[in-house]
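Structure file query_2.tsv; described as TSV, C-alpha atoms and all ligand atoms.
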chain	number	residue	atom	x	y	z
Q	1	MET	CA	154.41	96.23	53.32
Q	2	ALA	CA	155.29	92.84	54.92
Q	3	ARG	CA	152.46	90.34	55.06
Q	4	PRO	CA	151.34	89.47	58.61
Q	5	ALA	CA	152.59	86.10	59.87
Q	6	PRO	CA	150.16	83.29	59.14
Q	7	ILE	CA	147.94	82.03	61.97
Q	8	ARG	CA	149.21	78.61	63.06
Q	9	LEU	CA	146.35	76.17	63.43
Q	10	ALA	CA	145.81	72.62	64.60
Q	11	VAL	CA	142.81	70.53	63.54
Q	12	LEU	CA	141.33	68.21	66.14
Q	13	GLY	CA	139.44	65.29	64.63
Q	14	ALA	CA	140.21	64.54	61.01
Q	15	GLY	CA	137.02	62.77	60.03
Q	16	ARG	CA	134.60	64.02	57.36
Q	17	ILE	CA	134.45	67.68	58.30
Q	18	GLY	CA	137.95	67.73	59.80
Q	19	GLN	CA	139.43	66.82	56.43
Q	20	VAL	CA	137.42	69.55	54.71
Q	21	GLN	CA	138.62	72.11	57.25
Q	22	ALA	CA	142.23	70.86	57.07
Q	23	ARG	CA	142.15	71.38	53.31
Q	24	ALA	CA	140.60	74.85	53.69
Q	25	ILE	CA	143.28	75.83	56.23
Q	26	ALA	CA	146.13	74.41	54.13
Q	27	ALA	CA	144.86	76.35	51.10
Q	28	ASN	CA	144.56	79.69	52.95
Q	29	PRO	CA	147.66	81.90	52.67
Q	30	GLY	CA	146.76	83.50	56.03
Q	31	ALA	CA	147.09	80.16	57.83
Q	32	ARG	CA	149.53	77.38	58.45
Q	33	LEU	CA	148.26	73.93	59.41
Q	34	VAL	CA	150.81	72.80	61.99
Q	35	ALA	CA	149.22	69.76	63.60
Q	36	VAL	CA	146.34	67.31	63.32
Q	37	ALA	CA	145.07	65.32	66.31
Q	38	ASP	CA	143.79	62.35	64.41
Q	39	ALA	CA	145.93	59.93	62.44
Q	40	LEU	CA	144.06	60.11	59.15
Q	41	PRO	CA	146.55	60.24	56.29
Q	42	GLU	CA	144.56	62.66	54.12
Q	43	ALA	CA	144.78	65.42	56.71
Q	44	ALA	CA	148.41	64.68	57.51
Q	45	ALA	CA	149.21	64.87	53.80
Q	46	HIS	CA	148.77	68.64	54.00
Q	47	GLY	CA	152.18	68.77	55.69
Q	48	ALA	CA	150.93	68.80	59.28
Q	49	ALA	CA	152.39	66.77	62.10
Q	50	VAL	CA	150.13	64.27	63.86
Q	51	ALA	CA	150.02	65.10	67.56
Q	52	GLY	CA	147.96	64.44	70.69
Q	53	VAL	CA	145.45	66.89	72.12
Q	54	GLU	CA	147.61	67.66	75.18
Q	55	ALA	CA	150.74	68.23	73.09
Q	56	ILE	CA	148.82	70.69	70.91
Q	57	ALA	CA	147.42	72.53	73.95
Q	58	ALA	CA	150.96	72.89	75.35
Q	59	ASP	CA	152.56	73.91	72.05
Q	60	PRO	CA	153.29	77.65	71.99
Q	61	ARG	CA	153.58	77.50	68.18
Q	62	VAL	CA	149.83	76.78	67.92
Q	63	ASP	CA	147.79	80.01	67.84
Q	64	ALA	CA	144.36	78.50	67.20
Q	65	VAL	CA	142.50	75.21	66.89
Q	66	ALA	CA	139.66	73.94	64.74
Q	67	ILE	CA	137.64	71.39	66.74
Q	68	CYS	CA	136.10	68.87	64.35
Q	69	THR	CA	135.70	65.90	66.68
Q	70	LEU	CA	132.39	64.24	67.52
Q	71	THR	CA	129.86	66.51	69.21
Q	72	ASP	CA	130.01	65.09	72.73
Q	73	THR	CA	133.73	66.03	72.97
Q	74	HIS	CA	133.36	69.70	71.94
Q	75	ALA	CA	132.66	71.49	75.23
Q	76	ASP	CA	135.56	69.85	77.10
Q	77	LEU	CA	137.96	70.53	74.21
Q	78	ILE	CA	136.81	74.16	73.89
Q	79	GLU	CA	137.49	74.70	77.59
Q	80	ARG	CA	140.85	72.89	77.37
Q	81	PHE	CA	142.07	75.10	74.52
Q	82	ALA	CA	140.53	78.32	75.88
Q	83	ARG	CA	142.48	77.75	79.11
Q	84	ALA	CA	145.60	77.20	77.00
Q	85	GLY	CA	145.02	80.65	75.45
Q	86	LYS	CA	144.25	79.42	71.92
Q	87	ALA	CA	141.66	80.99	69.65
Q	88	VAL	CA	138.97	78.37	69.03
Q	89	PHE	CA	136.85	77.46	66.04
Q	90	CYS	CA	134.42	74.63	66.85
Q	91	GLU	CA	131.97	72.75	64.68
Q	92	LYS	CA	128.33	72.95	65.72
Q	93	PRO	CA	126.93	72.29	68.25
Q	94	VAL	CA	129.08	73.31	71.22
Q	95	ASP	CA	127.25	70.58	73.15
Q	96	PRO	CA	123.85	68.87	72.91
Q	97	ASP	CA	122.83	70.43	76.26
Q	98	ALA	CA	122.19	74.19	76.52
Q	99	GLY	CA	123.20	74.24	80.21
Q	100	ARG	CA	126.57	72.73	79.34
Q	101	VAL	CA	126.98	75.29	76.53
Q	102	ARG	CA	126.32	78.18	78.93
Q	103	ALA	CA	128.96	76.85	81.36
Q	104	CYS	CA	131.43	76.44	78.51
Q	105	LEU	CA	130.83	79.98	77.25
Q	106	GLU	CA	131.54	81.27	80.79
Q	107	VAL	CA	134.95	79.58	80.68
Q	108	VAL	CA	135.66	81.01	77.24
Q	109	ARG	CA	134.71	84.51	78.42
Q	110	ALA	CA	136.93	84.20	81.50
Q	111	CYS	CA	139.86	83.11	79.32
Q	112	GLY	CA	139.32	86.00	76.91
Q	113	VAL	CA	139.84	83.97	73.74
Q	114	PRO	CA	137.67	84.12	70.61
Q	115	LEU	CA	135.22	81.23	69.98
Q	116	MET	CA	133.64	80.88	66.57
Q	117	VAL	CA	130.94	78.24	66.09
Q	118	GLY	CA	130.77	76.41	62.76
Q	119	CYS	CA	127.43	77.47	61.31
Q	120	ASN	CA	128.84	77.17	57.82
Q	121	ARG	CA	125.59	77.71	55.86
Q	122	ARG	CA	125.99	81.42	56.69
Q	123	PHE	CA	129.09	81.40	54.45
Q	124	ASP	CA	127.55	79.58	51.49
Q	125	PRO	CA	127.99	82.02	48.58
Q	126	HIS	CA	124.43	81.45	47.31
Q	127	PHE	CA	122.84	81.92	50.73
Q	128	ARG	CA	125.00	85.01	51.27
Q	129	ALA	CA	123.74	86.46	48.00
Q	130	LEU	CA	120.19	85.73	49.12
Q	131	LYS	CA	120.84	87.52	52.42
Q	132	ALA	CA	122.43	90.46	50.58
Q	133	ALA	CA	119.28	90.79	48.44
Q	134	ILE	CA	117.11	90.83	51.58
Q	135	ASP	CA	119.39	93.38	53.28
Q	136	ALA	CA	119.28	95.57	50.16
Q	137	GLY	CA	115.48	95.69	50.47
Q	138	ARG	CA	114.84	93.81	47.22
Q	139	ILE	CA	111.95	91.77	48.64
Q	140	GLY	CA	110.68	94.27	51.19
Q	141	ARG	CA	109.66	93.04	54.64
Q	142	ILE	CA	110.20	89.29	55.14
Q	143	GLU	CA	106.93	87.39	55.60
Q	144	GLN	CA	107.71	83.71	54.95
Q	145	VAL	CA	110.93	81.67	54.94
Q	146	ALA	CA	111.11	78.09	53.63
Q	147	ILE	CA	114.33	76.18	54.29
Q	148	THR	CA	114.87	72.70	52.84
Q	149	SER	CA	117.80	70.68	54.14
Q	150	ARG	CA	118.05	67.00	53.32
Q	151	ASP	CA	121.16	64.81	53.59
Q	152	PRO	CA	121.69	62.25	50.83
Q	153	ALA	CA	121.87	59.29	53.23
Q	154	PRO	CA	121.70	58.39	56.92
Q	155	LEU	CA	124.84	58.76	59.03
Q	156	PRO	CA	126.72	56.00	60.89
Q	157	ALA	CA	125.02	54.78	64.09
Q	158	GLU	CA	127.92	55.93	66.31
Q	159	TYR	CA	127.74	59.43	64.86
Q	160	VAL	CA	123.96	59.59	65.42
Q	161	ALA	CA	124.29	58.33	69.01
Q	162	ARG	CA	126.87	61.02	69.85
Q	163	SER	CA	125.33	63.85	67.79
Q	164	GLY	CA	122.45	64.96	70.02
Q	165	GLY	CA	119.86	63.73	67.50
Q	166	LEU	CA	118.34	65.22	64.34
Q	167	PHE	CA	117.26	68.58	65.78
Q	168	ARG	CA	120.53	69.38	67.54
Q	169	ASP	CA	122.72	67.97	64.77
Q	170	MET	CA	120.94	68.93	61.54
Q	171	THR	CA	118.01	71.29	62.19
Q	172	ILE	CA	120.45	73.45	64.13
Q	173	HIS	CA	121.93	74.64	60.81
Q	174	ASP	CA	118.50	75.68	59.58
Q	175	VAL	CA	117.36	77.45	62.73
Q	176	ASP	CA	120.68	79.29	62.67
Q	177	MET	CA	120.01	80.26	59.06
Q	178	ALA	CA	116.53	81.45	60.05
Q	179	ARG	CA	118.02	83.68	62.76
Q	180	PHE	CA	120.65	84.94	60.31
Q	181	LEU	CA	118.01	85.87	57.72
Q	182	LEU	CA	115.25	87.16	60.00
Q	183	GLY	CA	117.26	89.57	62.12
Q	184	GLU	CA	114.62	89.23	64.86
Q	185	ALA	CA	113.84	86.78	67.65
Q	186	VAL	CA	111.94	83.56	67.09
Q	187	VAL	CA	109.17	83.26	69.71
Q	188	SER	CA	107.54	79.90	69.05
Q	189	GLY	CA	108.36	76.53	67.52
Q	190	HIS	CA	106.31	73.49	66.54
Q	191	ALA	CA	107.87	70.27	65.25
Q	192	VAL	CA	106.52	67.06	63.81
Q	193	ALA	CA	108.96	64.25	63.08
Q	194	SER	CA	109.20	60.51	62.46
Q	195	ALA	CA	111.73	57.80	61.69
Q	196	LEU	CA	110.79	57.19	58.05
Q	197	VAL	CA	114.23	56.49	56.56
Q	198	ASP	CA	115.35	54.06	59.26
Q	199	PRO	CA	112.38	52.74	61.25
Q	200	GLY	CA	114.93	50.99	63.50
Q	201	LEU	CA	115.52	54.38	65.14
Q	202	ARG	CA	112.00	54.37	66.62
Q	203	ALA	CA	112.99	52.17	69.57
Q	204	SER	CA	115.40	54.86	70.78
Q	205	GLY	CA	112.99	57.73	70.11
Q	206	GLU	CA	115.30	59.20	67.44
Q	207	VAL	CA	113.84	60.60	64.21
Q	208	ASP	CA	115.22	61.18	60.72
Q	209	THR	CA	112.51	63.21	58.98
Q	210	ALA	CA	111.13	66.44	60.42
Q	211	THR	CA	109.14	69.56	59.68
Q	212	VAL	CA	109.56	72.54	61.98
Q	213	VAL	CA	107.38	75.65	61.94
Q	214	MET	CA	108.68	78.69	63.77
Q	215	VAL	CA	107.16	82.12	64.26
Q	216	ALA	CA	109.20	85.28	64.78
Q	217	GLU	CA	108.26	88.23	66.96
Q	218	SER	CA	106.77	90.16	64.02
Q	219	GLY	CA	104.64	87.17	62.95
Q	220	THR	CA	106.99	86.12	60.12
Q	221	GLN	CA	106.77	82.36	59.57
Q	222	VAL	CA	109.56	79.87	58.96
Q	223	VAL	CA	109.12	76.30	57.70
Q	224	ILE	CA	112.07	73.92	57.85
Q	225	SER	CA	112.04	70.52	56.09
Q	226	ASN	CA	114.72	68.06	57.16
Q	227	ALA	CA	115.42	64.48	56.16
Q	228	ARG	CA	118.32	62.07	56.38
Q	229	ARG	CA	117.60	60.80	52.88
Q	230	ALA	CA	117.57	62.50	49.50
Q	231	VAL	CA	118.44	60.00	46.77
Q	232	TYR	CA	119.04	62.90	44.35
Q	233	GLY	CA	121.88	64.59	46.29
Q	234	HIS	CA	122.41	67.15	49.03
Q	235	ASP	CA	119.15	69.11	48.97
Q	236	GLN	CA	119.88	72.62	50.27
Q	237	ARG	CA	117.42	75.31	49.23
Q	238	ILE	CA	116.02	78.50	50.71
Q	239	GLU	CA	113.08	80.62	49.59
Q	240	VAL	CA	112.19	83.90	51.26
Q	241	ALA	CA	108.99	85.75	50.38
Q	242	GLY	CA	108.48	89.38	51.33
Q	243	SER	CA	106.15	92.32	50.83
Q	244	LYS	CA	107.85	93.31	47.54
Q	245	GLY	CA	108.98	90.01	46.08
Q	246	MET	CA	110.72	86.69	46.61
Q	247	VAL	CA	114.33	85.51	46.60
Q	248	ALA	CA	115.36	81.86	46.27
Q	249	ALA	CA	118.64	79.93	46.35
Q	250	GLU	CA	118.46	76.66	44.47
Q	251	ASN	CA	120.48	73.44	44.64
Q	252	GLN	CA	123.94	73.30	43.11
Q	253	ARG	CA	125.31	71.06	40.38
Q	254	ALA	CA	128.89	70.38	39.30
Q	255	ALA	CA	127.90	71.71	35.86
Q	256	ASP	CA	124.89	73.96	35.39
Q	257	ILE	CA	123.59	72.59	32.07
Q	258	VAL	CA	120.37	71.12	30.75
Q	259	ILE	CA	120.35	68.37	28.12
Q	260	ALA	CA	117.08	68.29	26.19
Q	261	ASP	CA	116.07	65.29	24.08
Q	262	ALA	CA	112.93	63.44	23.03
Q	263	GLN	CA	112.51	62.06	26.55
Q	264	GLY	CA	112.62	65.45	28.25
Q	265	CYS	CA	115.06	67.87	29.82
Q	266	HIS	CA	117.86	66.41	31.93
Q	267	ALA	CA	120.37	68.07	34.25
Q	268	PRO	CA	123.53	66.63	35.83
Q	269	PRO	CA	123.12	65.31	39.39
Q	270	LEU	CA	123.20	67.66	42.37
Q	271	LEU	CA	126.38	68.01	44.36
Q	272	ASP	CA	126.03	65.16	46.79
Q	273	VAL	CA	127.32	65.24	50.34
Q	274	PHE	CA	128.21	68.34	52.36
Q	275	MET	CA	131.90	67.76	51.60
Q	276	THR	CA	131.29	68.92	48.02
Q	277	ARG	CA	128.22	71.17	48.42
Q	278	CYS	CA	129.76	73.10	51.32
Q	279	THR	CA	133.40	73.36	50.19
Q	280	ALA	CA	133.14	77.06	49.32
Q	281	ALA	CA	131.20	77.78	52.51
Q	282	ASP	CA	133.78	76.02	54.66
Q	283	ALA	CA	136.69	77.87	53.00
Q	284	ALA	CA	134.92	81.23	53.53
Q	285	GLU	CA	134.08	80.26	57.11
Q	286	ILE	CA	137.72	79.46	57.97
Q	287	ALA	CA	138.83	82.65	56.18
Q	288	ALA	CA	136.43	84.69	58.37
Q	289	PHE	CA	137.81	83.01	61.51
Q	290	LEU	CA	141.40	83.72	60.47
Q	291	GLU	CA	140.57	87.33	59.66
Q	292	ALA	CA	138.98	87.84	63.08
Q	293	VAL	CA	141.92	86.21	64.87
Q	294	ALA	CA	144.44	88.24	62.86
Q	295	THR	CA	142.70	91.59	63.38
Q	296	GLY	CA	141.16	91.07	66.82
Q	297	ALA	CA	137.68	91.76	65.39
Q	298	PRO	CA	134.77	89.87	67.00
Q	299	VAL	CA	134.14	86.41	65.53
Q	300	SER	CA	130.76	85.78	63.92
Q	301	PRO	CA	128.90	83.53	64.47
Q	302	GLY	CA	130.17	83.36	68.03
Q	303	GLY	CA	129.32	81.26	71.07
Q	304	GLU	CA	126.06	83.13	71.76
Q	305	ASP	CA	124.85	82.46	68.19
Q	306	GLY	CA	125.69	78.78	68.69
Q	307	LEU	CA	123.73	78.79	71.95
Q	308	ALA	CA	120.71	80.54	70.39
Q	309	ALA	CA	120.58	77.96	67.59
Q	310	LEU	CA	120.75	75.16	70.13
Q	311	VAL	CA	117.95	76.72	72.18
Q	312	LEU	CA	115.75	76.70	69.05
Q	313	ALA	CA	116.74	73.09	68.28
Q	314	GLU	CA	115.86	72.13	71.86
Q	315	ALA	CA	112.50	73.91	71.46
Q	316	ALA	CA	111.82	71.70	68.43
Q	317	ARG	CA	112.60	68.62	70.52
Q	318	ALA	CA	110.35	69.87	73.32
Q	319	SER	CA	107.55	70.48	70.82
Q	320	LEU	CA	107.85	66.95	69.45
Q	321	ALA	CA	107.65	65.57	72.99
Q	322	SER	CA	104.64	67.70	73.94
Q	323	GLY	CA	102.83	67.40	70.63
Q	324	GLY	CA	102.22	71.13	70.29
Q	325	PRO	CA	103.92	74.49	69.80
Q	326	VAL	CA	106.30	75.70	72.50
Q	327	ALA	CA	107.23	79.23	73.46
Q	328	VAL	CA	110.89	80.12	73.06
Q	329	ARG	CA	113.00	83.26	72.61
Q	330	ALA	CA	116.21	83.11	70.62
Q	401	LIG	N1	129.27	72.32	59.62
Q	401	LIG	C1	128.92	71.23	58.99
Q	401	LIG	O1	128.36	71.25	57.90
Q	401	LIG	C2	129.22	69.90	59.61
Q	401	LIG	C3	129.19	68.79	58.81
Q	401	LIG	C4	129.51	67.56	59.38
Q	401	LIG	C5	129.81	67.49	60.70
Q	401	LIG	N2	129.81	68.60	61.47
Q	401	LIG	C6	130.14	68.50	62.91
Q	401	LIG	O2	131.52	68.13	62.99
Q	401	LIG	C7	131.72	67.16	64.00
Q	401	LIG	C8	132.41	65.94	63.39
Q	401	LIG	O3	131.58	65.37	62.42
Q	401	LIG	P1	132.15	64.38	61.29
Q	401	LIG	O4	131.04	64.13	60.38
Q	401	LIG	O5	133.43	64.91	60.75
Q	401	LIG	O6	132.43	63.09	62.17
Q	401	LIG	P2	133.44	61.90	61.85
Q	401	LIG	O7	133.00	60.75	62.67
Q	401	LIG	O8	133.60	61.73	60.38
Q	401	LIG	O9	134.84	62.45	62.38
Q	401	LIG	C9	135.10	62.68	63.73
Q	401	LIG	C10	136.59	62.44	63.96
Q	401	LIG	O10	136.92	62.88	65.27
Q	401	LIG	C11	137.81	61.94	65.83
Q	401	LIG	N3	137.73	62.09	67.28
Q	401	LIG	C12	136.65	61.82	68.08
Q	401	LIG	N4	136.95	62.15	69.36
Q	401	LIG	C13	138.22	62.68	69.35
Q	401	LIG	C14	139.06	63.23	70.34
Q	401	LIG	N5	138.66	63.30	71.62
Q	401	LIG	N6	140.28	63.69	69.96
Q	401	LIG	C15	140.69	63.62	68.66
Q	401	LIG	N7	139.92	63.10	67.68
Q	401	LIG	C16	138.71	62.63	68.03
Q	401	LIG	C17	137.35	60.59	65.31
Q	401	LIG	O11	138.40	59.65	65.34
Q	401	LIG	C18	136.98	60.96	63.87
Q	401	LIG	O12	138.07	60.84	62.98
Q	401	LIG	C19	130.35	66.89	64.62
Q	401	LIG	O13	130.24	67.65	65.80
Q	401	LIG	C20	129.35	67.42	63.61
Q	401	LIG	O14	128.20	67.95	64.22
Q	401	LIG	C21	129.55	69.81	60.95
Take the structure in this file and express it as structure tokens.
Ligand SMILES: NC(=O)c1ccc[n+]([C@@H]2O[C@H](COP(=O)([O-])OP(=O)(O)OC[C@H]3O[C@@H](n4cnc5c(N)ncnc54)[C@H](O)[C@@H]3O)[C@@H](O)[C@H]2O)c1
Amino acid sequence: MARPAPIRLAVLGAGRIGQVQARAIAANPGARLVAVADALPEAAAHGAAVAGVEAIAADPRVDAVAICTLTDTHADLIERFARAGKAVFCEKPVDPDAGRVRACLEVVRACGVPLMVGCNRRFDPHFRALKAAIDAGRIGRIEQVAITSRDPAPLPAEYVARSGGLFRDMTIHDVDMARFLLGEAVVSGHAVASALVDPGLRASGEVDTATVVMVAESGTQVVISNARRAVYGHDQRIEVAGSKGMVAAENQRAADIVIADAQGCHAPPLLDVFMTRCTAADAAEIAAFLEAVATGAPVSPGGEDGLAALVLAEAARASLASGGPVAVRA
């Protein structure tokens, strides 16, 4: 049987995540990377032409786009490409403002194109195995979830200013993971946060270190620890305790060995930034998008999942401002 024609994709924004996605697309036999809308040589080296956003929107040879530009450009670009009839993958969040996201999702619905939102932790093979164990009933009913997510180092000031802040840029991954694991609505959120890594952020009200406690409808509790500094690597762990046991996904290393000597037991460093820790997740994420576009199956996570995660991130912000727990439903 003949193989279906590859989906022809363009990547918009070839910065940190755009280069990861360009590589994932170039390596996927179900895809062809036809254009990149950012003149970074590493992305172009995958054989793609460098083109402008408007040229890509007008190009009938482009079936789909992966939007990897800075956050405050996403909603306009999603609408531009939805109106051009392209299938859209967009990095999280769709926009820092939930009202703007709702308006954008209306446009996408009216255009009838798929929109997948880049919540890539859902595709991490270790977190997927953890979810599979929960779904198989191995730990019984979920009672407590602890999610640790720390970046190795702070991000550039321009990125931070255009990102929507810690909750909408970083915590959003973890609240999405909580929704993914819980399978039920979160009904309250309480956040504490400070600028401990870069006290210079305090003047603008931005924070870089946060703890968020959320409660789901059944009473299940979720604790999220976030920080923009982890000198030991990209700290990404999840522990879920249930009525019959516990399942945990630990940090990853390039080589899983322990060297024992008279000074103690030593392990190689953790995988550092998300570009190495999340490579497998990003490849699986793009593969899921391509599969949905090729078969017409619904994309997951879609726009509504992206919106729900943003609503929870906004609840964390509201809690920080009010100093107490806030009611939410997402
Ligand atoms: N899923 C994840 O794990 C993950 C990780 C990092 C970033 N992100 C998201 O991806 C987005 C990009 O983050 P990044 O770290 O790659 O940022 P970055 O600053 O490294 O790259 C952004 C790139 O977009 C380009 N750009 C900006 N506006 C553009 C426009 N209008 N048209 C074309 N190119 C444009 C910039 O020139 C830059 O090269 C952010 O929204 C962020 O939230 C997701």
Tell me which protein, DNA and RNA residues are within 7 Å of Gly189 in chain Q, counting only C-alpha atoms, leaving out same-chain ones fewer than 4 positions away, and put them as number ranges by chain.
-> Q: 212-215, 315-316, 319, 325-327
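Between CA of Thr148 in chain Q and CA of Asp235 in chain Q there is a distance of 6.8 Å.
In terms of minimum interatomic distance to ligand LIG 401 (chain Q), Q:Met170 ranks closest within Q:Met170, Q:Ala48, Q:Val113, Q:Ala294, counting all atoms listed in the file.
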Tell me, as a list of chain:residue names, which residues lie within 12 Å of His126 in chain Q, counting all atoms listed in the file; anything in the same chain fewer than 5 positions away does not count.
->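 The filter keeps Q:Arg121, Q:Lys131, Q:Ala132, Q:Ala133, Q:Gln236, Q:Arg237, Q:Ile238, Q:Glu239, Q:Val247, Q:Ala248, Q:Ala249, Q:Glu250, Q:Asn251, Q:Gln252, Q:Arg277, Q:Cys278, Q:Ala280, Q:Ala281.
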So what do you get for CA of Ala309 in chain Q versus CA of Asp176 in chain Q, distance-wise?
->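 Atom-to-atom, CA of Ala309 in chain Q to CA of Asp176 in chain Q, that is 5.1 Å.
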Check which residues fall inside 9 Å of ligand LIG 401 (chain Q) when counting all atoms listed in the file, and print them as a PyMOL selection string.
-> chain Q and resi 11-20+36-40+52-53+67-74+77+90-95+117-121+155-156+158-159+162-164+168-170+173+274-275+278+281-282
Working from the structure I just supplied, which lacks atoms in range 265-272 of chain Q, can you model all heavy atoms there and output them as a short mmCIF file (atom, residue, chain, number, x, y, z; two decimals), in the coordinates of the input?
data_model
loop_
_atom_site.label_atom_id
_atom_site.label_comp_id
_atom_site.auth_asym_id
_atom_site.auth_seq_id
_atom_site.Cartn_x
_atom_site.Cartn_y
_atom_site.Cartn_z
N CYS Q 265 113.90 67.02 29.52
CA CYS Q 265 115.06 67.87 29.82
C CYS Q 265 115.78 67.28 31.02
O CYS Q 265 115.16 67.01 32.05
CB CYS Q 265 114.60 69.29 30.14
SG CYS Q 265 113.78 70.06 28.73
N HIS Q 266 117.09 67.08 30.88
CA HIS Q 266 117.86 66.41 31.93
C HIS Q 266 119.00 67.30 32.39
O HIS Q 266 119.65 67.96 31.57
CB HIS Q 266 118.44 65.10 31.41
CG HIS Q 266 117.46 64.30 30.60
ND1 HIS Q 266 116.58 63.43 31.17
CD2 HIS Q 266 117.20 64.30 29.26
CE1 HIS Q 266 115.81 62.91 30.21
NE2 HIS Q 266 116.18 63.42 29.05
N ALA Q 267 119.26 67.28 33.69
CA ALA Q 267 120.37 68.07 34.25
C ALA Q 267 121.32 67.11 34.96
O ALA Q 267 120.89 66.04 35.42
CB ALA Q 267 119.83 69.11 35.22
N PRO Q 268 122.60 67.47 35.08
CA PRO Q 268 123.53 66.63 35.83
C PRO Q 268 123.07 66.52 37.28
O PRO Q 268 122.33 67.37 37.76
CB PRO Q 268 124.87 67.38 35.74
CG PRO Q 268 124.71 68.34 34.61
CD PRO Q 268 123.25 68.67 34.52
N PRO Q 269 123.55 65.48 38.00
CA PRO Q 269 123.12 65.31 39.39
C PRO Q 269 123.52 66.49 40.27
O PRO Q 269 124.45 67.23 39.94
CB PRO Q 269 123.85 64.04 39.85
CG PRO Q 269 124.51 63.47 38.66
CD PRO Q 269 124.49 64.46 37.56
N LEU Q 270 122.83 66.63 41.40
CA LEU Q 270 123.20 67.66 42.37
C LEU Q 270 124.52 67.29 43.01
O LEU Q 270 124.87 66.10 43.08
CB LEU Q 270 122.15 67.73 43.48
CG LEU Q 270 120.72 68.05 43.06
CD1 LEU Q 270 119.83 68.12 44.30
CD2 LEU Q 270 120.67 69.36 42.29
N LEU Q 271 125.24 68.31 43.49
CA LEU Q 271 126.38 68.01 44.36
C LEU Q 271 125.84 67.16 45.50
O LEU Q 271 124.76 67.43 46.03
CB LEU Q 271 127.00 69.30 44.88
CG LEU Q 271 127.75 70.13 43.82
CD1 LEU Q 271 128.29 71.41 44.43
CD2 LEU Q 271 128.88 69.34 43.17
N ASP Q 272 126.63 66.14 45.89
CA ASP Q 272 126.03 65.16 46.79
C ASP Q 272 126.18 65.52 48.26
O ASP Q 272 125.39 66.26 48.80
CB ASP Q 272 126.52 63.75 46.47
CG ASP Q 272 128.04 63.67 46.36
OD1 ASP Q 272 128.70 64.65 46.72
OD2 ASP Q 272 128.54 62.63 45.91
#
